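coords27.cif follows; it contains mmCIF, C-alpha atoms.
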data_model
loop_
_atom_site.label_atom_id
_atom_site.label_comp_id
_atom_site.auth_asym_id
_atom_site.auth_seq_id
_atom_site.Cartn_x
_atom_site.Cartn_y
_atom_site.Cartn_z
CA MET A 1 122.07 83.78 140.62
CA THR A 2 120.92 86.34 138.06
CA ARG A 3 117.34 87.52 137.71
CA ALA A 4 117.08 85.61 134.41
CA ASP A 5 118.28 82.38 136.08
CA ALA A 6 115.78 82.78 138.92
CA ALA A 7 113.00 83.46 136.41
CA ARG A 8 113.98 80.36 134.46
CA ILE A 9 113.77 78.10 137.53
CA PHE A 10 110.41 79.56 138.52
CA LEU A 11 108.93 79.39 135.01
CA THR A 12 110.10 75.81 134.47
CA SER A 13 108.30 74.75 137.64
CA GLU A 14 105.16 76.59 136.51
CA VAL A 15 105.21 74.99 133.05
CA GLU A 16 105.75 71.49 134.44
CA GLY A 17 102.61 71.94 136.55
CA LEU A 18 100.32 72.90 133.66
CA ASP A 19 97.21 70.80 133.04
CA ASP A 20 95.50 70.46 129.65
CA PHE A 21 94.66 73.89 128.14
CA ASP A 22 96.37 75.74 131.03
CA PHE A 23 98.91 78.40 130.19
CA VAL A 24 101.46 80.55 131.97
CA ALA A 25 102.17 83.97 130.45
CA ALA A 26 105.14 86.27 130.99
CA TYR A 27 105.77 89.83 129.89
CA PRO A 28 108.13 92.65 130.90
CA SER A 29 106.66 94.83 133.62
CA MET A 30 104.63 97.74 132.22
CA GLN A 31 104.71 96.19 128.72
CA PRO A 32 101.67 93.86 128.60
CA LEU A 33 101.65 93.78 124.79
CA HIS A 34 104.99 91.96 124.84
CA VAL A 35 103.44 88.83 126.27
CA VAL A 36 104.59 85.27 125.60
CA GLU A 37 102.64 82.18 126.68
CA VAL A 38 103.45 78.53 127.25
CA THR A 39 100.32 76.40 126.78
CA ARG A 40 99.62 72.73 127.50
CA ALA A 41 97.63 71.20 124.63
CA ALA A 42 94.90 68.57 125.06
CA SER A 43 97.38 65.99 123.78
CA GLY A 44 99.78 66.88 126.60
CA GLY A 45 102.28 68.64 124.34
CA LEU A 46 103.60 72.12 124.98
CA GLU A 47 103.40 75.16 122.74
CA VAL A 48 105.00 78.59 123.03
CA ARG A 49 102.67 81.32 121.71
CA VAL A 50 102.74 85.02 121.06
CA PRO A 51 99.02 85.84 121.26
CA GLY A 52 97.24 87.71 118.52
CA ARG A 53 96.00 91.22 119.21
CA PRO A 54 92.49 92.72 118.90
CA ARG A 55 92.04 94.94 115.86
CA SER A 56 91.69 97.95 118.15
CA VAL A 57 95.32 97.49 119.30
CA ALA A 58 98.44 98.06 117.20
CA GLU A 59 99.35 94.78 115.50
CA LEU A 60 102.67 93.03 115.93
CA PRO A 61 105.29 95.02 113.99
CA ALA A 62 106.58 93.45 110.78
CA GLU A 63 110.07 93.05 112.25
CA VAL A 64 108.64 91.12 115.22
CA ARG A 65 106.69 88.80 112.92
CA ALA A 66 109.83 88.26 110.84
CA LYS A 67 111.87 87.31 113.92
CA LEU A 68 109.18 84.89 115.05
CA ASP A 69 109.13 83.32 111.60
CA GLU A 70 112.91 82.89 111.71
CA ARG A 71 112.55 80.99 114.99
CA GLY A 72 109.99 78.57 113.60
CA PHE A 73 106.82 80.23 114.88
CA ARG A 74 103.83 79.91 112.58
CA SER A 75 100.45 81.63 112.29
CA ASP A 76 97.30 80.14 110.77
CA ASP A 77 96.97 83.42 108.85
CA PRO A 78 100.00 85.75 109.00
CA ALA A 79 97.92 88.58 107.50
CA ASP A 80 95.39 88.39 110.36
CA PRO A 81 96.74 90.27 113.41
CA THR A 82 94.27 88.51 115.73
CA LYS A 83 95.85 85.08 115.12
CA PRO A 84 98.59 83.86 117.49
CA TRP A 85 102.09 82.85 116.44
CA ALA A 86 102.96 79.45 117.91
CA LYS A 87 105.68 76.82 118.01
CA ALA A 88 105.57 73.33 119.55
CA VAL A 89 108.37 72.43 121.97
CA PRO A 90 109.37 69.05 123.44
CA ASP A 91 109.47 69.85 127.15
CA ALA A 92 109.29 72.50 129.85
CA ALA A 93 112.98 73.37 129.66
CA ALA A 94 112.77 74.03 125.92
CA ALA A 95 109.58 76.03 126.40
CA VAL A 96 111.15 78.36 128.97
CA THR A 97 114.32 78.75 126.91
CA LEU A 98 112.26 79.82 123.90
CA LEU A 99 110.02 82.10 125.99
CA GLN A 100 113.05 83.93 127.40
CA GLU A 101 114.59 84.16 123.94
CA VAL A 102 111.46 85.78 122.53
CA VAL A 103 111.21 88.24 125.42
CA ALA A 104 114.90 89.20 125.17
CA GLU A 105 115.63 89.02 121.44
CA VAL A 106 112.30 89.44 119.67
CA PHE A 107 110.83 92.06 121.99
CA GLU A 108 114.32 93.40 122.81
CA THR A 109 113.91 93.39 126.60
CA LYS A 110 116.93 93.70 128.89
CA PRO A 111 117.99 90.32 130.35
CA ASP A 112 117.57 91.52 133.95
CA ALA A 113 114.19 93.20 133.37
CA PRO A 114 111.52 92.01 135.84
CA LEU A 115 108.72 89.90 134.39
CA ASP A 116 105.06 89.88 135.31
CA ILE A 117 103.52 86.40 135.36
CA GLY A 118 99.92 85.45 134.67
CA HIS A 119 97.94 82.21 134.40
CA GLY A 120 94.88 81.17 132.45
CA ASN A 121 93.13 78.40 130.57
CA HIS A 122 92.27 78.05 126.87
CA ARG A 123 89.65 75.31 127.28
CA ALA A 124 86.71 77.66 126.63
CA GLU A 125 88.44 79.01 123.52
CA HIS A 126 89.08 75.46 122.27
CA GLU A 127 85.47 74.42 122.82
CA ALA A 128 84.23 77.62 121.19
CA LYS A 129 86.26 76.84 118.09
CA GLU A 130 84.73 73.36 117.94
CA ARG A 131 81.22 74.85 118.17
CA LEU A 132 82.14 77.45 115.57
CA ALA A 133 83.19 74.69 113.17
CA ILE A 134 79.76 73.07 113.64
CA ALA A 135 78.06 76.41 112.99
CA ARG A 136 80.04 77.00 109.80
CA THR A 137 79.07 73.57 108.48
CA ARG A 138 75.39 74.30 109.11
CA VAL A 139 75.64 77.80 107.59
CA GLU A 140 77.25 76.40 104.45
CA ALA A 141 74.40 73.92 104.02
CA VAL A 142 71.74 76.64 104.35
CA VAL A 143 73.59 79.01 102.04
CA LYS A 144 74.01 76.33 99.41
CA GLY A 145 70.27 75.73 99.55
CA LEU A 146 69.59 79.43 99.03
CA LEU A 147 72.00 79.88 96.11
CA ASP A 148 72.04 76.38 94.62
CA ARG A 149 75.82 76.59 94.93
CA ALA A 150 78.50 77.19 97.52
CA ALA A 151 78.70 80.83 98.61
CA ASP A 152 81.74 82.96 97.94
CA GLN A 153 83.79 83.93 101.00
CA ASP A 154 85.58 87.20 101.70
CA ASP A 155 89.00 87.64 103.27
CA ASP A 156 87.51 87.15 106.76
CA GLY A 157 85.89 83.85 105.79
CA ASP A 158 82.40 85.36 105.87
CA TYR A 159 79.86 84.09 103.35
CA VAL A 160 78.72 86.58 100.70
CA LEU A 161 75.24 86.06 99.28
CA PRO A 162 73.96 88.15 96.36
CA VAL A 163 70.22 88.50 97.03
CA ASP A 164 68.60 90.53 94.26
CA ASP A 165 70.57 93.83 94.31
CA VAL A 166 71.96 93.40 97.83
CA HIS A 167 75.06 91.57 99.02
CA VAL A 168 74.25 89.93 102.36
CA MET A 169 77.11 88.67 104.52
CA VAL A 170 76.73 85.77 106.94
CA SER A 171 79.43 85.87 109.59
CA PRO A 172 79.82 83.03 112.13
CA ARG A 173 81.80 84.17 115.16
CA ALA A 174 82.71 82.89 118.62
CA THR A 175 82.72 85.43 121.44
CA LEU A 176 85.40 85.45 124.13
CA ASP A 177 82.99 83.81 126.59
CA GLY A 178 82.49 80.88 124.21
CA GLN A 179 79.11 81.77 122.71
CA VAL A 180 78.64 81.26 118.98
CA VAL A 181 76.82 84.02 117.13
CA ILE A 182 75.77 84.24 113.50
CA ARG A 183 75.78 87.85 112.28
CA VAL A 184 73.78 88.55 109.14
CA PHE A 185 74.37 92.02 107.71
CA ALA A 186 74.50 94.20 104.63
CA ILE A 187 76.02 97.58 103.86
CA THR A 188 73.31 99.99 102.76
CA ASN A 189 75.16 103.30 102.26
CA VAL A 190 78.68 104.71 102.15
CA GLY A 191 80.06 108.24 102.16
CA VAL A 192 77.05 109.62 104.04
CA ASN A 193 77.04 113.04 105.65
CA VAL A 194 77.48 112.22 109.33
CA ALA A 195 75.39 114.62 111.39
CA PRO A 196 73.25 114.45 114.55
CA GLU A 197 70.15 114.30 112.35
CA LEU A 198 71.35 111.03 110.81
CA GLY A 199 71.91 109.37 114.18
CA LEU A 200 68.51 110.54 115.42
CA PHE A 201 66.80 109.30 112.27
CA LEU A 202 68.38 105.83 112.53
CA ALA A 203 67.49 105.60 116.24
CA ARG A 204 63.85 106.37 115.45
CA LEU A 205 63.89 103.97 112.53
CA ASN A 206 65.30 101.17 114.69
CA PHE A 207 62.61 101.73 117.33
CA GLY A 208 59.95 100.93 114.75
CA LEU A 209 61.61 97.81 113.35
CA MET A 210 60.44 94.37 114.43
CA PHE A 211 63.63 92.66 113.26
CA GLY A 212 67.20 93.87 112.83
CA ARG A 213 68.78 97.27 113.33
CA PHE A 214 70.62 99.96 111.44
CA ALA A 215 74.11 100.87 112.63
CA LEU A 216 76.20 103.93 111.77
CA ASP A 217 79.96 103.65 111.37
CA THR A 218 80.83 107.31 111.90
CA GLU A 219 84.55 106.87 111.23
CA HIS A 220 84.00 105.36 107.78
CA ARG A 221 80.73 107.22 107.05
CA SER A 222 78.79 104.05 106.33
CA ILE A 223 75.44 102.56 107.32
CA TRP A 224 74.84 98.86 107.92
CA PHE A 225 71.78 96.76 108.63
CA ASP A 226 72.25 93.58 110.63
CA GLU A 227 70.71 90.89 112.81
CA VAL A 228 72.24 88.26 115.08
CA LEU A 229 71.34 84.61 115.72
CA LEU A 230 72.68 82.99 118.89
CA GLY A 231 74.17 79.53 119.03
CA GLU A 232 75.34 76.89 116.60
CA GLN A 233 72.01 75.02 116.76
CA PHE A 234 69.95 77.68 114.95
CA ARG A 235 67.11 76.42 112.78
CA GLU A 236 67.48 76.52 109.02
CA GLU A 237 64.36 78.67 108.64
CA GLU A 238 65.78 81.20 111.13
CA LEU A 239 68.87 81.80 109.02
CA ARG A 240 66.85 81.88 105.79
CA PHE A 241 64.49 84.45 107.31
CA ALA A 242 67.39 86.56 108.58
CA VAL A 243 69.07 86.64 105.16
CA GLU A 244 65.83 87.52 103.36
CA THR A 245 64.87 90.21 105.87
CA VAL A 246 68.30 91.86 105.85
CA ALA A 247 68.26 91.90 102.02
CA LYS A 248 64.74 93.33 101.79
CA THR A 249 65.30 95.99 104.46
CA ALA A 250 68.60 97.13 102.97
CA ASP A 251 67.02 97.35 99.51
CA LEU A 252 64.03 99.26 100.89
CA TRP A 253 66.03 101.98 102.66
CA ASP A 254 69.33 102.51 100.82
CA ASP A 255 67.98 104.90 98.18
CA ARG A 256 65.93 106.82 100.76
CA LEU A 257 68.94 107.22 103.03
CA LYS A 258 71.01 108.45 100.09
CA GLN A 259 68.40 111.06 99.25
CA MET A 260 68.30 112.29 102.83
CA PHE A 261 71.96 112.10 103.85
CA GLY A 262 74.00 111.97 100.65
CA GLY A 263 76.77 109.56 99.74
CA ALA A 264 76.11 106.48 97.64
CA THR A 265 74.30 103.20 98.00
CA TYR A 266 76.41 100.09 98.31
CA GLN A 267 74.83 98.83 95.12
CA GLU A 268 76.55 101.74 93.38
CA VAL A 269 79.85 100.75 94.96
CA LEU A 270 79.50 97.19 93.67
CA ALA A 271 78.60 98.47 90.19
CA GLY A 272 81.55 100.86 90.12
CA ARG A 273 79.31 103.91 89.74
CA THR A 274 80.93 105.85 92.60
CA GLN A 275 84.39 106.57 93.98
CA GLU A 276 83.29 105.40 97.43
CA SER A 277 84.67 102.05 98.60
CA THR A 278 83.77 99.19 100.91
CA PRO A 279 84.22 100.09 104.61
CA PRO A 280 87.25 98.26 106.08
CA VAL A 281 85.55 97.36 109.38
CA LYS A 282 82.43 95.27 109.98
CA PRO A 283 79.86 95.59 112.80
CA GLY A 284 80.93 94.01 116.07
CA GLU A 285 84.67 94.17 115.45
CA GLY A 286 85.34 96.23 118.57
CA ALA A 287 87.97 95.44 121.14
CA GLY A 288 87.82 91.93 122.55
CA MET A 289 84.51 90.92 121.00
CA TYR A 290 85.44 87.81 119.03
CA LEU A 291 87.97 85.02 118.89
#
Take the structure in this file and express it as C-alpha cells.
Amino acid sequence: MTRADAARIFLTSEVEGLDDFDFVAAYPSMQPLHVVEVTRAASGGLEVRVPGRPRSVAELPAEVRAKLDERGFRSDDPADPTKPWAKAVPDAAAAVTLLQEVVAEVFETKPDAPLDIGHGNHRAEHEAKERLAIARTRVEAVVKGLLDRAADQDDDGDYVLPVDDVHVMVSPRATLDGQVVIRVFAITNVGVNVAPELGLFLARLNFGLMFGRFALDTEHRSIWFDEVLLGEQFREEELRFAVETVAKTADLWDDRLKQMFGGATYQEVLAGRTQESTPPVKPGEGAGMYL
C-alpha cells in the first residue's frame, strides 16, 4: 500500500466522522500554507475548501487560483485573498479524492509526501457571520437616517459617510473569536513626516481625549482617528455619536497636524489638490484580526 493509499483510507474515515461545522485539514509537512480542508456543513453536506489567507501573508498565487477555478472551486470574492475557495462534494470518498488532487496537482506536492492532519470547527465563524449580518442591517438603518439615503460602500463593503468636509467610514467586522465590532474611523492626514516627535505628540494627544484615538500608519505615512463599538446590539445613538465625534475630531486636528508634520490633509486628497493618495490599509487589518 502506498503512502497516498494509506492517507486516503485514513482521511475517508476522518471525513465520515465529521459532525456539523467540523473540519479535517491536511497539508504537506512543513508547508502549512498549502492547506486543504473538508468541512461538514449545517445541512450535512460536505465541502472541500482552500482557506483564505490573512492580508499579512502572501495571497494564493494567480496560477493556484486559476487551477482551483478550473476544478469548480468558487470564491465569494476572487479579488479578496481572505475569502476561501470552496466546492461542494457528494460524499466522503469524493471529498478525499478532491483534497488529494488539490494537494498533488494544484500545490504540486509529491504523491508520497507526508501530510500533517489537523481538526477544527467552524461553528463560531458561522455564528459570527450571522451576527455580522444583523449588525450590518442595523448600521444601514442608522446611516440612512443620518444621510437621508443609503450610504455608499467601498471595495471592502464599509459604509462611507460624508460629514461636512470629512469622510467617515463605518466598518462592521467579526473577530476570530466571534465578537462583532463596529469600527468608525476617518483618515486625517497622509504623506506626513514620520518621526519620533509625531508618535510622541499623538500619544500625548490620545491621553487627553475622552473618546476615540489617533493612530499612525508608519508604513504608509498616514494618520487615522477611530473608535470602536462592541456587539451587534449597539444603540442607535451610540453609532450616531461615534460618527459625529470622529468627524468633528478629524476636522479639528487635520490642518494642525499638517502644519506640524507636513504632508496633506485627507480633504485635499479627496479634492485632488495633492499627489498623495488614500492609504491601502485600514486600522485593525493586522494578522488574524477579522473574519
Report as a VMD selection string all protein, DNA and RNA residues lying within 12 Å of A:Leu161, evaluated on all atoms listed in the file, omitting residues in the same chain fewer than 4 positions from it. chain A and resid 139 to 140 142 to 154 165 to 171 184 to 186 240 243 to 244 246 to 247
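Applied to this file, the PyMOL selection byres ((chain A and resi 44-51) around 6) selects Val36, Glu37, Val38, Thr39, Arg40, Ala41, Ala42, Ser43, Gly52, Pro84, Trp85, Ala86, Lys87, Ala88 and Val89 of chain A.
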Need to verify the contact set: stretch 114-121 of chain A, 9 Å, all atoms listed in the file, exclusion of same-chain residues closer than 6 positions in sequence. Can you return it as a JSON list (two decimals) with C-alpha atoms, in the frame of the given file?
[["chain", "number", "residue", "atom", "x", "y", "z"],
["A", 3, "ARG", "CA", 117.34, 87.52, 137.71],
["A", 4, "ALA", "CA", 117.08, 85.61, 134.41],
["A", 7, "ALA", "CA", 113.00, 83.46, 136.41],
["A", 11, "LEU", "CA", 108.93, 79.39, 135.01],
["A", 19, "ASP", "CA", 97.21, 70.80, 133.04],
["A", 20, "ASP", "CA", 95.50, 70.46, 129.65],
["A", 21, "PHE", "CA", 94.66, 73.89, 128.14],
["A", 22, "ASP", "CA", 96.37, 75.74, 131.03],
["A", 23, "PHE", "CA", 98.91, 78.40, 130.19],
["A", 24, "VAL", "CA", 101.46, 80.55, 131.97],
["A", 25, "ALA", "CA", 102.17, 83.97, 130.45],
["A", 26, "ALA", "CA", 105.14, 86.27, 130.99],
["A", 27, "TYR", "CA", 105.77, 89.83, 129.89],
["A", 28, "PRO", "CA", 108.13, 92.65, 130.90],
["A", 29, "SER", "CA", 106.66, 94.83, 133.62],
["A", 30, "MET", "CA", 104.63, 97.74, 132.22],
["A", 32, "PRO", "CA", 101.67, 93.86, 128.60],
["A", 39, "THR", "CA", 100.32, 76.40, 126.78]]
Output the residue selection produced by the PyMOL selection byres ((chain A and resi 270-277) around 10) on the file above, formatted as an mmCIF file with C-alpha atoms, in the frame of the given file.
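Contents of out-v2.cif, freshly written:
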data_model
loop_
_atom_site.group_PDB
_atom_site.id
_atom_site.type_symbol
_atom_site.label_atom_id
_atom_site.label_comp_id
_atom_site.auth_asym_id
_atom_site.auth_seq_id
_atom_site.Cartn_x
_atom_site.Cartn_y
_atom_site.Cartn_z
ATOM 1 C CA ASP A 165 70.570 93.830 94.310
ATOM 2 C CA VAL A 166 71.960 93.400 97.830
ATOM 3 C CA HIS A 167 75.060 91.570 99.020
ATOM 4 C CA ASN A 189 75.160 103.300 102.260
ATOM 5 C CA VAL A 190 78.680 104.710 102.150
ATOM 6 C CA GLY A 191 80.060 108.240 102.160
ATOM 7 C CA HIS A 220 84.000 105.360 107.780
ATOM 8 C CA SER A 222 78.790 104.050 106.330
ATOM 9 C CA GLY A 263 76.770 109.560 99.740
ATOM 10 C CA ALA A 264 76.110 106.480 97.640
ATOM 11 C CA THR A 265 74.300 103.200 98.000
ATOM 12 C CA TYR A 266 76.410 100.090 98.310
ATOM 13 C CA GLN A 267 74.830 98.830 95.120
ATOM 14 C CA GLU A 268 76.550 101.740 93.380
ATOM 15 C CA VAL A 269 79.850 100.750 94.960
ATOM 16 C CA THR A 278 83.770 99.190 100.910
ATOM 17 C CA PRO A 279 84.220 100.090 104.610
ATOM 18 C CA PRO A 280 87.250 98.260 106.080
#
Kindly resolve the PyMOL selection byres ((chain A and resi 201-205) around 12) on the present coordinates and return the residues as a PyMOL selection string. chain A and resi 194-200+206-217+223-225+249+253+256-257+260-261
Coordinates-based distance that separates atom CA of A:Val163 from atom CA of A:Glu232 (Å, one decimal): 23.3 Å
Correct to one decimal, the distance atom CA of A:Arg183-atom CA of A:Leu230 is 8.8 Å
Rebuild stretch 185-196 of chain A to all heavy atoms - output it as a PDB file, keeping the file's coordinate frame, please.
ATOM      1  N   PHE A 185      74.395  90.564 107.901  1.00  0.00           N
ATOM      2  CA  PHE A 185      74.370  92.020 107.710  1.00  0.00           C
ATOM      3  C   PHE A 185      74.607  92.399 106.255  1.00  0.00           C
ATOM      4  O   PHE A 185      75.063  91.589 105.437  1.00  0.00           O
ATOM      5  CB  PHE A 185      75.382  92.720 108.613  1.00  0.00           C
ATOM      6  CG  PHE A 185      76.775  92.150 108.579  1.00  0.00           C
ATOM      7  CD1 PHE A 185      77.669  92.490 107.583  1.00  0.00           C
ATOM      8  CD2 PHE A 185      77.200  91.284 109.576  1.00  0.00           C
ATOM      9  CE1 PHE A 185      78.943  91.980 107.562  1.00  0.00           C
ATOM     10  CE2 PHE A 185      78.485  90.757 109.569  1.00  0.00           C
ATOM     11  CZ  PHE A 185      79.366  91.111 108.558  1.00  0.00           C
ATOM     12  N   ALA A 186      74.279  93.638 105.964  1.00  0.00           N
ATOM     13  CA  ALA A 186      74.500  94.200 104.630  1.00  0.00           C
ATOM     14  C   ALA A 186      74.854  95.670 104.784  1.00  0.00           C
ATOM     15  O   ALA A 186      74.345  96.359 105.677  1.00  0.00           O
ATOM     16  CB  ALA A 186      73.252  94.052 103.765  1.00  0.00           C
ATOM     17  N   ILE A 187      75.733  96.150 103.923  1.00  0.00           N
ATOM     18  CA  ILE A 187      76.020  97.580 103.860  1.00  0.00           C
ATOM     19  C   ILE A 187      74.913  98.223 103.036  1.00  0.00           C
ATOM     20  O   ILE A 187      74.578  97.738 101.950  1.00  0.00           O
ATOM     21  CB  ILE A 187      77.377  97.843 103.177  1.00  0.00           C
ATOM     22  CG1 ILE A 187      78.483  97.014 103.819  1.00  0.00           C
ATOM     23  CG2 ILE A 187      77.717  99.331 103.217  1.00  0.00           C
ATOM     24  CD1 ILE A 187      79.777  97.003 103.039  1.00  0.00           C
ATOM     25  N   THR A 188      74.331  99.298 103.543  1.00  0.00           N
ATOM     26  CA  THR A 188      73.310  99.990 102.760  1.00  0.00           C
ATOM     27  C   THR A 188      73.886 101.226 102.078  1.00  0.00           C
ATOM     28  O   THR A 188      73.628 101.466 100.893  1.00  0.00           O
ATOM     29  CB  THR A 188      72.122 100.413 103.634  1.00  0.00           C
ATOM     30  OG1 THR A 188      72.567 101.350 104.633  1.00  0.00           O
ATOM     31  CG2 THR A 188      71.491  99.203 104.307  1.00  0.00           C
ATOM     32  N   ASN A 189      74.679 102.023 102.801  1.00  0.00           N
ATOM     33  CA  ASN A 189      75.160 103.300 102.260  1.00  0.00           C
ATOM     34  C   ASN A 189      76.588 103.570 102.686  1.00  0.00           C
ATOM     35  O   ASN A 189      77.023 103.138 103.759  1.00  0.00           O
ATOM     36  CB  ASN A 189      74.274 104.450 102.745  1.00  0.00           C
ATOM     37  CG  ASN A 189      72.829 104.316 102.324  1.00  0.00           C
ATOM     38  OD1 ASN A 189      72.079 103.537 102.918  1.00  0.00           O
ATOM     39  ND2 ASN A 189      72.437 105.062 101.305  1.00  0.00           N
ATOM     40  N   VAL A 190      77.312 104.296 101.834  1.00  0.00           N
ATOM     41  CA  VAL A 190      78.680 104.710 102.150  1.00  0.00           C
ATOM     42  C   VAL A 190      78.831 106.185 101.804  1.00  0.00           C
ATOM     43  O   VAL A 190      78.082 106.724 100.983  1.00  0.00           O
ATOM     44  CB  VAL A 190      79.720 103.871 101.378  1.00  0.00           C
ATOM     45  CG1 VAL A 190      79.684 102.425 101.817  1.00  0.00           C
ATOM     46  CG2 VAL A 190      79.480 103.969  99.873  1.00  0.00           C
ATOM     47  N   GLY A 191      79.800 106.839 102.445  1.00  0.00           N
ATOM     48  CA  GLY A 191      80.060 108.240 102.160  1.00  0.00           C
ATOM     49  C   GLY A 191      78.959 109.183 102.598  1.00  0.00           C
ATOM     50  O   GLY A 191      78.817 110.281 102.046  1.00  0.00           O
ATOM     51  N   VAL A 192      78.174 108.780 103.602  1.00  0.00           N
ATOM     52  CA  VAL A 192      77.050 109.620 104.040  1.00  0.00           C
ATOM     53  C   VAL A 192      77.563 110.841 104.788  1.00  0.00           C
ATOM     54  O   VAL A 192      78.694 110.869 105.294  1.00  0.00           O
ATOM     55  CB  VAL A 192      76.085 108.817 104.940  1.00  0.00           C
ATOM     56  CG1 VAL A 192      75.441 107.684 104.168  1.00  0.00           C
ATOM     57  CG2 VAL A 192      76.803 108.288 106.182  1.00  0.00           C
ATOM     58  N   ASN A 193      76.721 111.851 104.865  1.00  0.00           N
ATOM     59  CA  ASN A 193      77.040 113.040 105.650  1.00  0.00           C
ATOM     60  C   ASN A 193      76.692 112.765 107.111  1.00  0.00           C
ATOM     61  O   ASN A 193      75.515 112.691 107.476  1.00  0.00           O
ATOM     62  CB  ASN A 193      76.242 114.247 105.137  1.00  0.00           C
ATOM     63  CG  ASN A 193      76.586 114.590 103.702  1.00  0.00           C
ATOM     64  OD1 ASN A 193      77.751 114.562 103.315  1.00  0.00           O
ATOM     65  ND2 ASN A 193      75.575 114.901 102.896  1.00  0.00           N
ATOM     66  N   VAL A 194      77.698 112.565 107.924  1.00  0.00           N
ATOM     67  CA  VAL A 194      77.480 112.220 109.330  1.00  0.00           C
ATOM     68  C   VAL A 194      77.092 113.488 110.096  1.00  0.00           C
ATOM     69  O   VAL A 194      77.855 114.450 110.154  1.00  0.00           O
ATOM     70  CB  VAL A 194      78.737 111.588 109.942  1.00  0.00           C
ATOM     71  CG1 VAL A 194      78.512 111.299 111.425  1.00  0.00           C
ATOM     72  CG2 VAL A 194      79.102 110.307 109.200  1.00  0.00           C
ATOM     73  N   ALA A 195      75.906 113.471 110.654  1.00  0.00           N
ATOM     74  CA  ALA A 195      75.390 114.620 111.390  1.00  0.00           C
ATOM     75  C   ALA A 195      74.444 114.094 112.474  1.00  0.00           C
ATOM     76  O   ALA A 195      73.970 112.956 112.397  1.00  0.00           O
ATOM     77  CB  ALA A 195      74.632 115.562 110.449  1.00  0.00           C
ATOM     78  N   PRO A 196      74.185 114.900 113.516  1.00  0.00           N
ATOM     79  CA  PRO A 196      73.250 114.450 114.550  1.00  0.00           C
ATOM     80  C   PRO A 196      71.907 114.010 114.000  1.00  0.00           C
ATOM     81  O   PRO A 196      71.299 113.081 114.534  1.00  0.00           O
ATOM     82  CB  PRO A 196      73.119 115.686 115.454  1.00  0.00           C
ATOM     83  CG  PRO A 196      74.398 116.435 115.265  1.00  0.00           C
ATOM     84  CD  PRO A 196      74.777 116.228 113.828  1.00  0.00           C
TER      85      PRO A 196
END
